[in-house]
Amino acid sequence: MKLKSNLMDSKSISRTLKRLTHEILEKHYGVDNLVIIGIRNRGDILAKRIIESIRNIESHEVPLGMLDITLYRDDFRQSNETPVLQETDISFDISNKKIILIDDVLYTGRTIRAALDAIIDLGRPALIQLAVLVDRGHRELPIKADYVGRNIPTSKTEEIQVKLKEIDGEDSVWLIEP
Amino acid sequence: MEFKSKHLLGLENISKSDINILLKTAFSFKKVLERSIPKVPTLRGKTVVNLFFEPSTRTRFSFELAEKRLSADTVNFSASSSSVLKGETLKDTIRNIESMKIDLVVMRHSSPGASLYLSQCINAAVINAGDGAHEHPTQALLDMMTIQEKLGSIEGLNIIILGDIKHSRVCRSNIFGLQTMGAKVGVCGPGPLLPRDIEKMGVTVYPTVEDAIAEADVLNILRIQLERQKGGLFPSLREYRNLYGITKERITQAPKKLLIMHPGPINRGVEIDSEVADGEHSVILKQVTNGVAVRMAALYLLSGKEANKIIKESS
């Protein structure tokens, strides 16, 4: 595993998140009925930052939810170890809400498929949209992001690593070669 | 953090780290149970057999519910309506059931060690749902979860188990598990119901229930097993109540805010009075709720292990 190239640094991540926030607000004509749900373990941090950004723009606090999709994964039988279960923390009723789902990297689409199932088990939202920091291609399911930070074409052997201050001590996006 | 145990046979030989993972996972599942759709698809396609060689209502019901909440397929087996009556040995019964491709076995049996034997005979993961007077790990785990939920941490607490210590698998599992988690464990009960050399397990023996209440953070009251009372281990239920019954008068003497627990089914007016069982200190029904979450955690964590082996064998 070696870090091949630095694709985004702290400043570009912050600019991209601001742009995504504006796109979301533009599309929905504001914050009415909007909720943000981040997928653990990094989507939830990005979700917090987007909420902060909405607060700066609209002076409005959008509800934040955090989703753990472990129980909905389709590779449960194949995984080498039992994944540690984290809590889903969505303390509001999602019925008839406009949900913006946030994740760091969109790849095969399987995580999003699991997240959609998990959300539907909680209620019936008005709509669900997807915002990601990086789309690296290679979808295995018919899933598409509504808001994309950066399109980064990759080969399947490469990996994208998103580092965020809250967990990793710095903000950056790396292309990694195996 | 990785869950290391392959089976859940008892709490005697399980690490603190594994107990912590079990409890943490159980708290996550408790949240799932509070949702409007309290069910997740995690164990879809997995088959769990509930082998009950001894009668059980709540443990069995709790396991079945946990399995269904995880979307597993379940098969039930009870000794009273099976080939055991036709003289089949335990090993043959197990092998036959295993041939039907199952992933997990939950077993209750009257012989201590039956679940260990089972785990040596088959590939599936085994959960002990009570083996004789040996262990009942999921009950102790749900007791620990309830204590953690109510008091924050188990470490340093003084937890006293009261009643028929000798015949109680719940008590043994609790002693092992609580000591691993750093609690002080005490016992109290009539002499004939205390095993000889119980002090060697590292527990404090309290001579009277008043002594116990004076020092306890938690009282775990065991059921007087009426079916075992023909042997004359104590003179009468009335005398038992007078000396060891947990009455309102007794718990008002407690210097600390006591937590009252009971693994059920309770004998009202024998080991515990109704006023106490239904009172503010009692968490008896919370224990039952947590039981489903703990069992979901055990099933979840052990089914992953089994998956590894299947993959390894087939590749």
# chains A, B, ... in the order shown; residues from 1 in each chain; ligands from 1
$ select_by_dssp --residues "segment 17-173 of chain A" --states "helix (DSSP H, G or I)" --output "NGL selection string"
:A and (17-27 or 43-58 or 70-72 or 110-120 or 165-168)
$ closest_atom_pairs --of "chain B" --to "chain A" --cutoff "10 Å" --atoms "only C-alpha atoms" --output "CSV"
residue,atom,partner,partner_atom,distance
B:Met1,CA,A:Val84,CA,7.7
B:Glu2,CA,A:Glu81,CA,7.5
B:Phe3,CA,A:Thr82,CA,7.3
B:Lys4,CA,A:Glu81,CA,9.5
B:Ile21,CA,A:Val84,CA,8.0
B:Lys24,CA,A:Leu85,CA,8.1
B:Thr25,CA,A:Leu85,CA,5.9
B:Ala26,CA,A:Leu85,CA,9.2
B:Phe27,CA,A:Glu87,CA,8.4
B:Ser28,CA,A:Glu87,CA,5.3
B:Phe29,CA,A:Glu87,CA,8.4
B:Lys30,CA,A:Glu87,CA,9.9
B:Lys31,CA,A:Glu87,CA,7.7
B:Val32,CA,A:Thr88,CA,8.4
B:Arg35,CA,A:Leu122,CA,6.8
B:Ser36,CA,A:Leu122,CA,6.6
B:Ile37,CA,A:Asp121,CA,5.9
B:Pro38,CA,A:Asp121,CA,8.4
B:Lys39,CA,A:Asp121,CA,8.1
B:Val40,CA,A:Leu71,CA,6.4
B:Pro41,CA,A:Tyr72,CA,6.0
B:Thr42,CA,A:Leu71,CA,5.0
B:Leu43,CA,A:Phe76,CA,8.2
B:Arg44,CA,A:Phe76,CA,9.7
B:Gly45,CA,A:Arg77,CA,9.5
B:Lys46,CA,A:Arg77,CA,9.3
B:Leu70,CA,A:Leu71,CA,8.7
B:Ala297,CA,A:Leu85,CA,9.4
B:Tyr300,CA,A:Thr82,CA,8.1
B:Leu301,CA,A:Thr82,CA,6.1
B:Leu302,CA,A:Thr82,CA,8.2
B:Ser303,CA,A:Thr82,CA,8.2
B:Gly304,CA,A:Thr82,CA,5.0
B:Lys305,CA,A:Thr82,CA,7.0
B:Glu306,CA,A:Arg77,CA,8.7
B:Ala307,CA,A:Arg77,CA,5.3
B:Asn308,CA,A:Asn80,CA,6.0
B:Lys309,CA,A:Asn80,CA,9.5
B:Ile310,CA,A:Arg77,CA,8.9
B:Ile311,CA,A:Gln78,CA,7.0
B:Lys312,CA,A:Asn80,CA,9.8
$ atom_distance --atom1 "atom CA of Asn20 of chain B" --atom2 "atom CA of Ser5 of chain B"
12.3 Å
$ residues_around --residues "Ile51 of chain A" --least-positions-apart "4" --cutoff "8 Å" --atoms "only C-alpha atoms" --output "mmCIF file with C-alpha atoms, in the first residue's frame"
data_model
loop_
_atom_site.group_PDB
_atom_site.id
_atom_site.type_symbol
_atom_site.label_atom_id
_atom_site.label_comp_id
_atom_site.auth_asym_id
_atom_site.auth_seq_id
_atom_site.Cartn_x
_atom_site.Cartn_y
_atom_site.Cartn_z
ATOM 1 C CA ILE A 36 -29.104 15.340 6.510
ATOM 2 C CA ALA A 47 -22.801 15.625 7.192
ATOM 3 C CA ARG A 55 -26.212 27.258 9.321
ATOM 4 C CA GLU A 61 -30.309 24.209 11.996
ATOM 5 C CA VAL A 62 -31.006 21.192 9.800
ATOM 6 C CA LEU A 64 -28.585 15.507 11.625
#
$ residues_around --residues "segment 154-162 of chain B" --least-positions-apart "3" --cutoff "10 Å" --atoms "only C-alpha atoms" --output "count of residues only"
52
$ atom_distance --atom1 "atom CA of Leu7 of chain A" --atom2 "atom CA of Glu170 of chain A"
13.7 Å
$ select_by_dssp --residues "segment 33-120 of chain A" --states "strand (DSSP E or B)" --output "number ranges by chain"
A: 34-39, 64-67, 89, 98-106
$ atom_distance --atom1 "atom CA of Lys6 of chain B" --atom2 "atom CA of Asn41 of chain A"
26.9 Å
$ closest_residue --among "B:Ala214, B:Ile102, B:Leu194, B:Leu8" --to "Ser119 of chain B" --atoms "only C-alpha atoms"
B:Leu8
$ closest_residue --among "B:Ser17, B:Ser80, B:Asn50, B:Asn128" --to "Asp103 of chain B" --atoms "only C-alpha atoms"
B:Asn50
$ closest_atom_pairs --of "segment 11-83 of chain A" --to "segment 93-110 of chain A" --cutoff "9 Å" --atoms "only C-alpha atoms" --output "tab-separated table"
residue	atom	partner	partner_atom	distance
A:Ile24	CA	A:Ile100	CA	8.3
A:His28	CA	A:Lys98	CA	8.9
A:Asp32	CA	A:Lys98	CA	8.5
A:Asn33	CA	A:Lys97	CA	5.3
A:Leu34	CA	A:Lys98	CA	4.8
A:Val35	CA	A:Ile99	CA	5.1
A:Ile36	CA	A:Ile100	CA	4.9
A:Ile37	CA	A:Leu101	CA	4.9
A:Gly38	CA	A:Ile102	CA	4.6
A:Ile39	CA	A:Asp103	CA	5.6
A:Arg40	CA	A:Asp103	CA	7.9
A:Asn41	CA	A:Asp103	CA	8.6
A:Arg42	CA	A:Asp104	CA	6.1
A:Gly43	CA	A:Asp103	CA	4.0
A:Asp44	CA	A:Ile102	CA	7.1
A:Leu46	CA	A:Ile102	CA	7.0
A:Ala47	CA	A:Ile102	CA	6.0
A:Arg73	CA	A:Arg110	CA	7.8
A:Asp74	CA	A:Arg110	CA	7.7
$ write_last_selection --atoms "N, CA and C atoms" --output "mmCIF file, in the first residue's frame"
data_model
loop_
_atom_site.group_PDB
_atom_site.id
_atom_site.type_symbol
_atom_site.label_atom_id
_atom_site.label_comp_id
_atom_site.auth_asym_id
_atom_site.auth_seq_id
_atom_site.Cartn_x
_atom_site.Cartn_y
_atom_site.Cartn_z
ATOM 1 N N ILE A 24 -27.264 21.845 -2.876
ATOM 2 C CA ILE A 24 -28.406 21.237 -2.175
ATOM 3 C C ILE A 24 -29.470 22.297 -1.894
ATOM 4 N N HIS A 28 -33.353 22.606 -3.532
ATOM 5 C CA HIS A 28 -34.547 22.469 -2.689
ATOM 6 C C HIS A 28 -35.154 23.815 -2.302
ATOM 7 N N ASP A 32 -36.567 23.896 3.927
ATOM 8 C CA ASP A 32 -37.836 23.333 4.405
ATOM 9 C C ASP A 32 -37.846 21.813 4.301
ATOM 10 N N ASN A 33 -38.131 21.166 5.437
ATOM 11 C CA ASN A 33 -38.306 19.710 5.453
ATOM 12 C C ASN A 33 -37.036 18.919 5.174
ATOM 13 N N LEU A 34 -35.917 19.625 5.089
ATOM 14 C CA LEU A 34 -34.665 18.974 4.739
ATOM 15 C C LEU A 34 -34.032 18.333 5.980
ATOM 16 N N VAL A 35 -33.508 17.113 5.831
ATOM 17 C CA VAL A 35 -32.689 16.510 6.885
ATOM 18 C C VAL A 35 -31.438 15.910 6.244
ATOM 19 N N ILE A 36 -30.366 15.856 7.022
ATOM 20 C CA ILE A 36 -29.104 15.340 6.510
ATOM 21 C C ILE A 36 -28.746 14.078 7.280
ATOM 22 N N ILE A 37 -28.476 13.010 6.557
ATOM 23 C CA ILE A 37 -28.084 11.771 7.224
ATOM 24 C C ILE A 37 -26.727 11.325 6.681
ATOM 25 N N GLY A 38 -25.778 11.163 7.579
ATOM 26 C CA GLY A 38 -24.438 10.740 7.183
ATOM 27 C C GLY A 38 -24.242 9.266 7.449
ATOM 28 N N ILE A 39 -23.529 8.602 6.534
ATOM 29 C CA ILE A 39 -23.256 7.178 6.718
ATOM 30 C C ILE A 39 -21.928 7.039 7.451
ATOM 31 N N ARG A 40 -21.960 6.301 8.568
ATOM 32 C CA ARG A 40 -20.722 6.071 9.309
ATOM 33 C C ARG A 40 -19.776 5.251 8.443
ATOM 34 N N ASN A 41 -18.447 5.380 8.462
ATOM 35 C CA ASN A 41 -17.709 6.183 9.369
ATOM 36 C C ASN A 41 -17.035 7.404 8.770
ATOM 37 N N ARG A 42 -17.528 8.212 8.029
ATOM 38 C CA ARG A 42 -16.922 9.466 7.604
ATOM 39 C C ARG A 42 -18.007 10.346 7.010
ATOM 40 N N GLY A 43 -19.011 9.669 6.447
ATOM 41 C CA GLY A 43 -20.143 10.417 5.936
ATOM 42 C C GLY A 43 -20.802 11.243 7.031
ATOM 43 N N ASP A 44 -20.783 10.707 8.259
ATOM 44 C CA ASP A 44 -21.420 11.436 9.358
ATOM 45 C C ASP A 44 -20.658 12.725 9.679
ATOM 46 N N LEU A 46 -18.802 14.440 7.424
ATOM 47 C CA LEU A 46 -19.095 15.355 6.316
ATOM 48 C C LEU A 46 -20.488 15.966 6.496
ATOM 49 N N ALA A 47 -21.436 15.134 6.969
ATOM 50 C CA ALA A 47 -22.801 15.625 7.192
ATOM 51 C C ALA A 47 -22.798 16.767 8.204
ATOM 52 N N ARG A 73 -25.694 -4.955 5.343
ATOM 53 C CA ARG A 73 -24.707 -5.280 4.306
ATOM 54 C C ARG A 73 -25.037 -6.581 3.595
ATOM 55 N N ASP A 74 -24.636 -6.666 2.317
ATOM 56 C CA ASP A 74 -24.910 -7.902 1.590
ATOM 57 C C ASP A 74 -23.708 -8.842 1.601
#
$ closest_residue --among "B:Ala79, B:Ile266, B:Ile198, B:Ala140" --to "Phe176 of chain B" --atoms "only C-alpha atoms"
B:Ala140
$ residues_around --residues "Ala131 of chain A" --least-positions-apart "6" --cutoff "6 Å" --atoms "only C-alpha atoms" --output "PDB file with C-alpha atoms, in the first residue's frame"
ATOM      1  CA  ILE A 102     -23.987  11.820   2.706  1.00  0.00           C
ATOM      2  CA  ALA A 145     -25.215  10.485  -6.818  1.00  0.00           C
ATOM      3  CA  ASP A 146     -27.245  13.703  -7.034  1.00  0.00           C
ATOM      4  CA  TYR A 147     -24.392  15.878  -5.790  1.00  0.00           C
ATOM      5  CA  VAL A 148     -20.770  14.962  -6.488  1.00  0.00           C
TER       6      VAL A 148
END
$ residues_around --residues "Glu280 of chain B" --least-positions-apart "2" --cutoff "10 Å" --atoms "only C-alpha atoms" --output "count of residues only"
9
$ closest_residue --among "B:Val48, B:Leu104, B:Ile272, B:Leu141" --to "Lys68 of chain B" --atoms "only C-alpha atoms"
B:Val48
$ decode --residues "segment 17-62 of chain A" --atoms "N, CA and C atoms" --output "PDB file, in the first residue's frame"
ATOM      1  N   LEU A  17     -17.153  21.145  -0.210  1.00  0.00           N
ATOM      2  CA  LEU A  17     -18.318  20.956   0.661  1.00  0.00           C
ATOM      3  C   LEU A  17     -19.232  22.181   0.614  1.00  0.00           C
ATOM      4  N   LYS A  18     -18.618  23.356   0.515  1.00  0.00           N
ATOM      5  CA  LYS A  18     -19.432  24.570   0.409  1.00  0.00           C
ATOM      6  C   LYS A  18     -20.236  24.561  -0.874  1.00  0.00           C
ATOM      7  N   ARG A  19     -19.585  24.143  -1.956  1.00  0.00           N
ATOM      8  CA  ARG A  19     -20.304  24.100  -3.228  1.00  0.00           C
ATOM      9  C   ARG A  19     -21.467  23.100  -3.143  1.00  0.00           C
ATOM     10  N   LEU A  20     -21.183  21.926  -2.560  1.00  0.00           N
ATOM     11  CA  LEU A  20     -22.246  20.927  -2.424  1.00  0.00           C
ATOM     12  C   LEU A  20     -23.411  21.495  -1.618  1.00  0.00           C
ATOM     13  N   THR A  21     -23.083  22.224  -0.551  1.00  0.00           N
ATOM     14  CA  THR A  21     -24.137  22.814   0.286  1.00  0.00           C
ATOM     15  C   THR A  21     -25.003  23.756  -0.554  1.00  0.00           C
ATOM     16  N   HIS A  22     -24.348  24.604  -1.321  1.00  0.00           N
ATOM     17  CA  HIS A  22     -25.105  25.540  -2.161  1.00  0.00           C
ATOM     18  C   HIS A  22     -25.970  24.798  -3.174  1.00  0.00           C
ATOM     19  N   GLU A  23     -25.425  23.759  -3.747  1.00  0.00           N
ATOM     20  CA  GLU A  23     -26.199  22.983  -4.731  1.00  0.00           C
ATOM     21  C   GLU A  23     -27.449  22.378  -4.089  1.00  0.00           C
ATOM     22  N   ILE A  24     -27.264  21.845  -2.876  1.00  0.00           N
ATOM     23  CA  ILE A  24     -28.406  21.237  -2.175  1.00  0.00           C
ATOM     24  C   ILE A  24     -29.470  22.297  -1.894  1.00  0.00           C
ATOM     25  N   LEU A  25     -29.029  23.440  -1.388  1.00  0.00           N
ATOM     26  CA  LEU A  25     -29.982  24.501  -1.039  1.00  0.00           C
ATOM     27  C   LEU A  25     -30.674  25.056  -2.291  1.00  0.00           C
ATOM     28  N   GLU A  26     -29.908  25.162  -3.366  1.00  0.00           N
ATOM     29  CA  GLU A  26     -30.472  25.675  -4.613  1.00  0.00           C
ATOM     30  C   GLU A  26     -31.560  24.740  -5.135  1.00  0.00           C
ATOM     31  N   LYS A  27     -31.239  23.468  -5.130  1.00  0.00           N
ATOM     32  CA  LYS A  27     -32.155  22.458  -5.650  1.00  0.00           C
ATOM     33  C   LYS A  27     -33.458  22.414  -4.850  1.00  0.00           C
ATOM     34  N   HIS A  28     -33.353  22.606  -3.532  1.00  0.00           N
ATOM     35  CA  HIS A  28     -34.547  22.469  -2.689  1.00  0.00           C
ATOM     36  C   HIS A  28     -35.154  23.815  -2.302  1.00  0.00           C
ATOM     37  N   TYR A  29     -34.704  24.876  -2.918  1.00  0.00           N
ATOM     38  CA  TYR A  29     -35.204  26.222  -2.610  1.00  0.00           C
ATOM     39  C   TYR A  29     -35.164  26.526  -1.118  1.00  0.00           C
ATOM     40  N   GLY A  30     -34.078  26.091  -0.454  1.00  0.00           N
ATOM     41  CA  GLY A  30     -33.962  26.382   0.974  1.00  0.00           C
ATOM     42  C   GLY A  30     -33.915  25.131   1.820  1.00  0.00           C
ATOM     43  N   VAL A  31     -34.345  25.272   3.060  1.00  0.00           N
ATOM     44  CA  VAL A  31     -34.132  24.195   4.031  1.00  0.00           C
ATOM     45  C   VAL A  31     -35.420  23.518   4.505  1.00  0.00           C
ATOM     46  N   ASP A  32     -36.567  23.896   3.927  1.00  0.00           N
ATOM     47  CA  ASP A  32     -37.836  23.333   4.405  1.00  0.00           C
ATOM     48  C   ASP A  32     -37.846  21.813   4.301  1.00  0.00           C
ATOM     49  N   ASN A  33     -38.131  21.166   5.437  1.00  0.00           N
ATOM     50  CA  ASN A  33     -38.306  19.710   5.453  1.00  0.00           C
ATOM     51  C   ASN A  33     -37.036  18.919   5.174  1.00  0.00           C
ATOM     52  N   LEU A  34     -35.917  19.625   5.089  1.00  0.00           N
ATOM     53  CA  LEU A  34     -34.665  18.974   4.739  1.00  0.00           C
ATOM     54  C   LEU A  34     -34.032  18.333   5.980  1.00  0.00           C
ATOM     55  N   VAL A  35     -33.508  17.113   5.831  1.00  0.00           N
ATOM     56  CA  VAL A  35     -32.689  16.510   6.885  1.00  0.00           C
ATOM     57  C   VAL A  35     -31.438  15.910   6.244  1.00  0.00           C
ATOM     58  N   ILE A  36     -30.366  15.856   7.022  1.00  0.00           N
ATOM     59  CA  ILE A  36     -29.104  15.340   6.510  1.00  0.00           C
ATOM     60  C   ILE A  36     -28.746  14.078   7.280  1.00  0.00           C
ATOM     61  N   ILE A  37     -28.476  13.010   6.557  1.00  0.00           N
ATOM     62  CA  ILE A  37     -28.084  11.771   7.224  1.00  0.00           C
ATOM     63  C   ILE A  37     -26.727  11.325   6.681  1.00  0.00           C
ATOM     64  N   GLY A  38     -25.778  11.163   7.579  1.00  0.00           N
ATOM     65  CA  GLY A  38     -24.438  10.740   7.183  1.00  0.00           C
ATOM     66  C   GLY A  38     -24.242   9.266   7.449  1.00  0.00           C
ATOM     67  N   ILE A  39     -23.529   8.602   6.534  1.00  0.00           N
ATOM     68  CA  ILE A  39     -23.256   7.178   6.718  1.00  0.00           C
ATOM     69  C   ILE A  39     -21.928   7.039   7.451  1.00  0.00           C
ATOM     70  N   ARG A  40     -21.960   6.301   8.568  1.00  0.00           N
ATOM     71  CA  ARG A  40     -20.722   6.071   9.309  1.00  0.00           C
ATOM     72  C   ARG A  40     -19.776   5.251   8.443  1.00  0.00           C
ATOM     73  N   ASN A  41     -18.447   5.380   8.462  1.00  0.00           N
ATOM     74  CA  ASN A  41     -17.709   6.183   9.369  1.00  0.00           C
ATOM     75  C   ASN A  41     -17.035   7.404   8.770  1.00  0.00           C
ATOM     76  N   ARG A  42     -17.528   8.212   8.029  1.00  0.00           N
ATOM     77  CA  ARG A  42     -16.922   9.466   7.604  1.00  0.00           C
ATOM     78  C   ARG A  42     -18.007  10.346   7.010  1.00  0.00           C
ATOM     79  N   GLY A  43     -19.011   9.669   6.447  1.00  0.00           N
ATOM     80  CA  GLY A  43     -20.143  10.417   5.936  1.00  0.00           C
ATOM     81  C   GLY A  43     -20.802  11.243   7.031  1.00  0.00           C
ATOM     82  N   ASP A  44     -20.783  10.707   8.259  1.00  0.00           N
ATOM     83  CA  ASP A  44     -21.420  11.436   9.358  1.00  0.00           C
ATOM     84  C   ASP A  44     -20.658  12.725   9.679  1.00  0.00           C
ATOM     85  N   ILE A  45     -19.330  12.657   9.510  1.00  0.00           N
ATOM     86  CA  ILE A  45     -18.540  13.867   9.772  1.00  0.00           C
ATOM     87  C   ILE A  45     -18.777  14.904   8.675  1.00  0.00           C
ATOM     88  N   LEU A  46     -18.802  14.440   7.424  1.00  0.00           N
ATOM     89  CA  LEU A  46     -19.095  15.355   6.316  1.00  0.00           C
ATOM     90  C   LEU A  46     -20.488  15.966   6.496  1.00  0.00           C
ATOM     91  N   ALA A  47     -21.436  15.134   6.969  1.00  0.00           N
ATOM     92  CA  ALA A  47     -22.801  15.625   7.192  1.00  0.00           C
ATOM     93  C   ALA A  47     -22.798  16.767   8.204  1.00  0.00           C
ATOM     94  N   LYS A  48     -22.013  16.606   9.270  1.00  0.00           N
ATOM     95  CA  LYS A  48     -21.920  17.663  10.283  1.00  0.00           C
ATOM     96  C   LYS A  48     -21.386  18.951   9.677  1.00  0.00           C
ATOM     97  N   ARG A  49     -20.395  18.807   8.807  1.00  0.00           N
ATOM     98  CA  ARG A  49     -19.806  20.015   8.203  1.00  0.00           C
ATOM     99  C   ARG A  49     -20.791  20.688   7.258  1.00  0.00           C
ATOM    100  N   ILE A  50     -21.550  19.892   6.523  1.00  0.00           N
ATOM    101  CA  ILE A  50     -22.537  20.481   5.617  1.00  0.00           C
ATOM    102  C   ILE A  50     -23.616  21.208   6.410  1.00  0.00           C
ATOM    103  N   ILE A  51     -24.012  20.609   7.540  1.00  0.00           N
ATOM    104  CA  ILE A  51     -25.008  21.264   8.391  1.00  0.00           C
ATOM    105  C   ILE A  51     -24.491  22.601   8.909  1.00  0.00           C
ATOM    106  N   GLU A  52     -23.205  22.601   9.277  1.00  0.00           N
ATOM    107  CA  GLU A  52     -22.595  23.844   9.753  1.00  0.00           C
ATOM    108  C   GLU A  52     -22.597  24.896   8.647  1.00  0.00           C
ATOM    109  N   SER A  53     -22.307  24.436   7.453  1.00  0.00           N
ATOM    110  CA  SER A  53     -22.270  25.319   6.302  1.00  0.00           C
ATOM    111  C   SER A  53     -23.679  25.882   5.993  1.00  0.00           C
ATOM    112  N   ILE A  54     -24.707  25.033   6.139  1.00  0.00           N
ATOM    113  CA  ILE A  54     -26.082  25.512   5.938  1.00  0.00           C
ATOM    114  C   ILE A  54     -26.431  26.563   6.998  1.00  0.00           C
ATOM    115  N   ARG A  55     -25.955  26.310   8.236  1.00  0.00           N
ATOM    116  CA  ARG A  55     -26.212  27.258   9.321  1.00  0.00           C
ATOM    117  C   ARG A  55     -25.620  28.626   8.978  1.00  0.00           C
ATOM    118  N   ASN A  56     -24.418  28.623   8.396  1.00  0.00           N
ATOM    119  CA  ASN A  56     -23.785  29.891   8.027  1.00  0.00           C
ATOM    120  C   ASN A  56     -24.524  30.617   6.914  1.00  0.00           C
ATOM    121  N   ILE A  57     -25.093  29.826   5.993  1.00  0.00           N
ATOM    122  CA  ILE A  57     -25.743  30.447   4.842  1.00  0.00           C
ATOM    123  C   ILE A  57     -27.178  30.868   5.168  1.00  0.00           C
ATOM    124  N   GLU A  58     -27.923  29.960   5.795  1.00  0.00           N
ATOM    125  CA  GLU A  58     -29.362  30.181   5.962  1.00  0.00           C
ATOM    126  C   GLU A  58     -29.754  30.507   7.408  1.00  0.00           C
ATOM    127  N   SER A  59     -28.800  30.485   8.328  1.00  0.00           N
ATOM    128  CA  SER A  59     -29.079  30.623   9.761  1.00  0.00           C
ATOM    129  C   SER A  59     -30.183  29.662  10.204  1.00  0.00           C
ATOM    130  N   HIS A  60     -30.054  28.442   9.789  1.00  0.00           N
ATOM    131  CA  HIS A  60     -31.069  27.444  10.122  1.00  0.00           C
ATOM    132  C   HIS A  60     -30.371  26.135  10.497  1.00  0.00           C
ATOM    133  N   GLU A  61     -30.913  25.461  11.545  1.00  0.00           N
ATOM    134  CA  GLU A  61     -30.309  24.209  11.996  1.00  0.00           C
ATOM    135  C   GLU A  61     -31.055  23.028  11.358  1.00  0.00           C
ATOM    136  N   VAL A  62     -30.399  22.359  10.448  1.00  0.00           N
ATOM    137  CA  VAL A  62     -31.006  21.192   9.800  1.00  0.00           C
ATOM    138  C   VAL A  62     -30.737  19.961  10.670  1.00  0.00           C
TER     139      VAL A  62
END
